[in-house]
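Right, one structure below, let's go through it.
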Amino acid sequence: MATIRPSGERGDDVEVVLSDVNPYGSRTLLVERDETSSVAYLCGPGGTVHGAVWLANHGPAPAVIDLSRLNSELPPVAPRANTRHPEGRPPLGALRPLWFEEGDGVALYENDELLAVIPGWADMSRGMPGYSRDAVGESPFAWSLEDAMEGLAPRLAKARAYWEWRDGDGAWASFQQFVMGHLDRAVGTAGRFWDAGGDRLPTVGITERPPERDRNHTILSTVGMSCQRMPTVEQYIDRPEAYARVELAIATPGDARDAARLFLWLGQYPWHSVTWLGHGHTAKWYHRPETFPLGSAYSGVIMLTGLPSLPDLSGFTFGGDPVQWLWLVPITAEELRLVADKGYRALVPRLSAARLTQAG
């Protein structure tokens, strides 16, 4: 991936006309222009460009790609055959972004008319730029927005509806109530509740379900991860709607506050790192081994669904999508390597029922 440099390093005539960070702080939309053209970049931390799309020429289009501009790292110019305005168009009007629910893609509006879309799967290094209203056909700088609207229009409508709901009064409280009610029925009486999100989105809490009846261990669950779809799922799964919403859970006979630290680690991870969590995924503890919350014998966790010795938490849906609960099971450094080499199916038969509910 290319690294974008501040416009001042490419010449004083390059102007940043819009800079906007997604709600999770993991992607930045940057729109730049000079007297010749305008372009939008989707950047990660440090300025790494994950997607880019040409927006408009402001003068006559060249017959072929202008390599001198590319070599000078100036905003690209679309060739004559790939623009609806071969003689150029005026500078862009008022710009407004609409972020995808997942935060990994963004739509850009000019004077409330859709101008461009940079989806999460855009990748300039693979010849996959974003979609532009002024683009004709496919070029290295932009693909035709009009040709892609059948697939993009529902996605944008859902994004708009989601953020309108999320910004409304009582949205989080109502969602929290629905999840807590589901867990009340599936697991039992609620105990303590902790905040795991701080001041950053997504909002994530931790609910404790103390031992009761014939259960001698505490069950903890996140509350809030499934309120927004995880990024990038559609790049790996044919039916992303079945896997895009998750909550995490763990069973522990030990101090619930120790186990809850795993949720502080992983509860917001998909949106801040622009990735996803699913059945069979592993995560290696990021700190010194002796600080692992479930004991220094372990080095990370594996995430599994549908464990027979633990409560069935399925049956909850949000936004029309089913929510999966991923159980966190501690594993050793050797087991992490086994999964990396042979896949999670090589490890699962080795996990005893006692392992699924131990914390130390």
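Convention: chains lettered A, B, ... in structure tokens order; per-chain residue numbering from 1; ligands numbered from 1 as shown.
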
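Using only C-alpha atoms, the residues found no farther than 12 Å from Arg185 in chain A, other than those of its own chain fewer than 4 positions away, are Phe178, Val179, Met180, Gly181, Thr189, Ala190, Arg209, Pro311, Asp312, Leu313, Ser314, Gly315 and Phe316 of chain A.
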
Task: Close residues, range 291-303 of chain A itself excluded, 10 Å, only C-alpha atoms, min 2 positions apart in chain, as a PyMOL selection string - done: chain A and resi 248-250+252+254-255+257-262+277-289+305+325-336+339+344+347-348+358-360

Open item on the list: Among range 52-235 of chain A, which ones does DSSP assign to strand (DSSP E or B) (computed from the backbone)? Answer as a ChimeraX atom specification.
Closed with: /A:52-57,83,95-99,106-110,113-118,123,128,131-132,135,138,143-144,193-195,205-209,212,215,218-223

Write out the residues from the selection above, keeping N, CA and C atoms, as a compact mmCIF listing (two decimals), in the first residue's frame.
# COMPACT_ATOMS: atom_id res chain seq x y z
N ALA A 52 -8.70 4.65 -2.65
CA ALA A 52 -8.64 5.98 -3.22
C ALA A 52 -9.52 6.02 -4.45
N VAL A 53 -10.08 7.19 -4.74
CA VAL A 53 -10.92 7.32 -5.92
C VAL A 53 -10.79 8.73 -6.48
N TRP A 54 -10.62 8.81 -7.79
CA TRP A 54 -10.65 10.09 -8.49
C TRP A 54 -12.07 10.63 -8.46
N LEU A 55 -12.21 11.94 -8.27
CA LEU A 55 -13.52 12.56 -8.16
C LEU A 55 -13.88 13.43 -9.36
N ALA A 56 -12.92 14.24 -9.85
CA ALA A 56 -13.25 15.17 -10.92
C ALA A 56 -11.99 15.74 -11.54
N ASN A 57 -12.07 16.02 -12.85
CA ASN A 57 -11.07 16.86 -13.52
C ASN A 57 -11.60 18.29 -13.52
N THR A 83 -14.11 9.92 -18.24
CA THR A 83 -14.79 10.97 -17.49
C THR A 83 -16.02 11.46 -18.23
N LEU A 95 -19.18 19.23 0.70
CA LEU A 95 -18.96 17.79 0.80
C LEU A 95 -19.41 17.27 2.16
N ARG A 96 -19.99 16.08 2.14
CA ARG A 96 -20.47 15.45 3.39
C ARG A 96 -20.23 13.94 3.30
N PRO A 97 -19.59 13.34 4.32
CA PRO A 97 -19.36 11.89 4.29
C PRO A 97 -20.50 11.13 4.97
N LEU A 98 -20.68 9.88 4.55
CA LEU A 98 -21.56 8.93 5.22
C LEU A 98 -20.76 7.64 5.40
N TRP A 99 -20.42 7.33 6.64
CA TRP A 99 -19.61 6.14 6.92
C TRP A 99 -20.48 4.90 6.94
N VAL A 106 -16.84 4.33 3.07
CA VAL A 106 -17.47 5.64 3.21
C VAL A 106 -18.05 6.08 1.88
N ALA A 107 -19.16 6.79 1.96
CA ALA A 107 -19.75 7.45 0.79
C ALA A 107 -19.53 8.94 0.94
N LEU A 108 -19.36 9.62 -0.19
CA LEU A 108 -19.12 11.06 -0.18
C LEU A 108 -20.20 11.75 -1.01
N TYR A 109 -20.85 12.74 -0.41
CA TYR A 109 -21.91 13.48 -1.07
C TYR A 109 -21.44 14.90 -1.38
N GLU A 110 -21.83 15.39 -2.56
CA GLU A 110 -21.59 16.77 -2.94
C GLU A 110 -22.94 17.47 -3.07
N GLU A 113 -25.85 15.22 -3.16
CA GLU A 113 -25.93 14.24 -4.24
C GLU A 113 -24.73 13.31 -4.13
N LEU A 114 -24.98 12.00 -4.26
CA LEU A 114 -23.89 11.03 -4.11
C LEU A 114 -22.81 11.27 -5.15
N LEU A 115 -21.59 11.46 -4.67
CA LEU A 115 -20.46 11.76 -5.54
C LEU A 115 -19.53 10.57 -5.71
N ALA A 116 -19.30 9.82 -4.64
CA ALA A 116 -18.33 8.73 -4.71
C ALA A 116 -18.54 7.78 -3.54
N VAL A 117 -18.04 6.57 -3.70
CA VAL A 117 -18.06 5.57 -2.63
C VAL A 117 -16.70 4.86 -2.62
N ILE A 118 -16.09 4.80 -1.45
CA ILE A 118 -14.88 3.98 -1.27
C ILE A 118 -15.26 2.86 -0.31
N ASP A 123 -8.91 -1.40 -2.98
CA ASP A 123 -7.48 -1.64 -2.79
C ASP A 123 -6.77 -1.23 -4.07
N MET A 128 -8.35 -2.02 -7.57
CA MET A 128 -9.73 -1.89 -7.14
C MET A 128 -9.94 -0.52 -6.49
N TYR A 131 -15.68 4.07 -6.35
CA TYR A 131 -16.65 4.38 -7.40
C TYR A 131 -16.90 5.88 -7.42
N SER A 132 -16.94 6.45 -8.63
CA SER A 132 -17.10 7.89 -8.77
C SER A 132 -18.24 8.21 -9.73
N ALA A 135 -17.09 9.09 -13.24
CA ALA A 135 -16.28 8.09 -13.94
C ALA A 135 -17.11 7.37 -15.00
N GLU A 138 -14.22 1.62 -16.30
CA GLU A 138 -13.25 1.31 -15.25
C GLU A 138 -11.88 1.82 -15.65
N TRP A 143 -13.98 3.59 -10.73
CA TRP A 143 -14.96 2.81 -11.46
C TRP A 143 -16.28 3.58 -11.48
N SER A 144 -17.09 3.30 -12.48
CA SER A 144 -18.36 4.01 -12.63
C SER A 144 -19.29 3.75 -11.45
N PHE A 193 -22.40 -4.86 36.38
CA PHE A 193 -22.27 -4.41 34.99
C PHE A 193 -21.13 -3.40 34.94
N TRP A 194 -20.22 -3.60 33.98
CA TRP A 194 -19.08 -2.71 33.85
C TRP A 194 -19.04 -2.10 32.45
N ASP A 195 -18.44 -0.94 32.36
CA ASP A 195 -18.20 -0.30 31.07
C ASP A 195 -16.88 -0.82 30.51
N GLY A 205 -20.38 -2.87 27.01
CA GLY A 205 -20.44 -3.13 28.44
C GLY A 205 -20.17 -4.60 28.73
N ILE A 206 -20.05 -4.94 30.00
CA ILE A 206 -19.82 -6.32 30.43
C ILE A 206 -20.87 -6.65 31.48
N THR A 207 -21.63 -7.72 31.25
CA THR A 207 -22.63 -8.16 32.23
C THR A 207 -22.17 -9.45 32.89
N GLU A 208 -22.36 -9.53 34.19
CA GLU A 208 -21.96 -10.69 34.99
C GLU A 208 -23.20 -11.50 35.38
N ARG A 209 -23.10 -12.80 35.24
CA ARG A 209 -24.17 -13.72 35.66
C ARG A 209 -23.56 -14.69 36.69
N GLU A 212 -25.58 -19.95 39.93
CA GLU A 212 -26.91 -20.18 40.47
C GLU A 212 -27.36 -21.58 40.07
N ARG A 215 -25.16 -24.43 38.47
CA ARG A 215 -23.98 -23.86 37.80
C ARG A 215 -23.07 -23.24 38.85
N THR A 218 -19.26 -18.43 37.08
CA THR A 218 -19.84 -17.16 36.61
C THR A 218 -19.73 -17.10 35.09
N ILE A 219 -20.76 -16.55 34.48
CA ILE A 219 -20.72 -16.32 33.04
C ILE A 219 -20.72 -14.81 32.79
N LEU A 220 -19.78 -14.37 31.98
CA LEU A 220 -19.67 -12.97 31.60
C LEU A 220 -19.94 -12.84 30.10
N SER A 221 -20.56 -11.75 29.73
CA SER A 221 -20.81 -11.49 28.31
C SER A 221 -20.63 -10.01 28.02
N THR A 222 -20.14 -9.73 26.83
CA THR A 222 -20.17 -8.34 26.37
C THR A 222 -21.61 -7.95 26.02
N VAL A 223 -21.87 -6.67 26.07
CA VAL A 223 -23.16 -6.11 25.64
C VAL A 223 -22.84 -4.89 24.78

TODO: Measure the distance from CA of Glu101 in chain A to CA of Ala159 in chain A in Å and round it to one decimal.
DONE: 5.4 Å

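Our summary of the geometry notes that CA of Val136 in chain A is positioned 7.1 Å from CA of Ala81 in chain A.
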
Open item on the list: Taking only range 21-170 of chain A into account, list the residues labelled alpha helix (DSSP H) by DSSP (computed from the backbone), as a PyMOL selection string.
Closed with: chain A and resi 67-71+145-166

Open item on the list: When you look at range 29-37 of chain A with a cut-off of 9 Å (counting only C-alpha atoms), what residues show up, excluding the ones that are within fewer than 6 positions of it in the same chain? I need them as a list in words.
Closed with: Ser7, Asp13, Val14, Glu15, Val16, Val17, Leu18, Ser19, Asp20, Val21, Asn22, Cys43, Trp54, Leu55, Ala56, Asn57, His58, Gly59, Pro60, Leu74, Pro75, Pro76, Val77, Ala78, Gly88, Pro91, Pro97 and Val106 of chain A

- [ ] Skip range 165-172 of chain A itself and residues of its chain fewer than 5 positions away, then list as a list of chain:residue names all residues within 9 Å of it, counting only C-alpha atoms.
- [x] A:Arg160, A:Gln177, A:Thr203, A:Gly224, A:Cys227
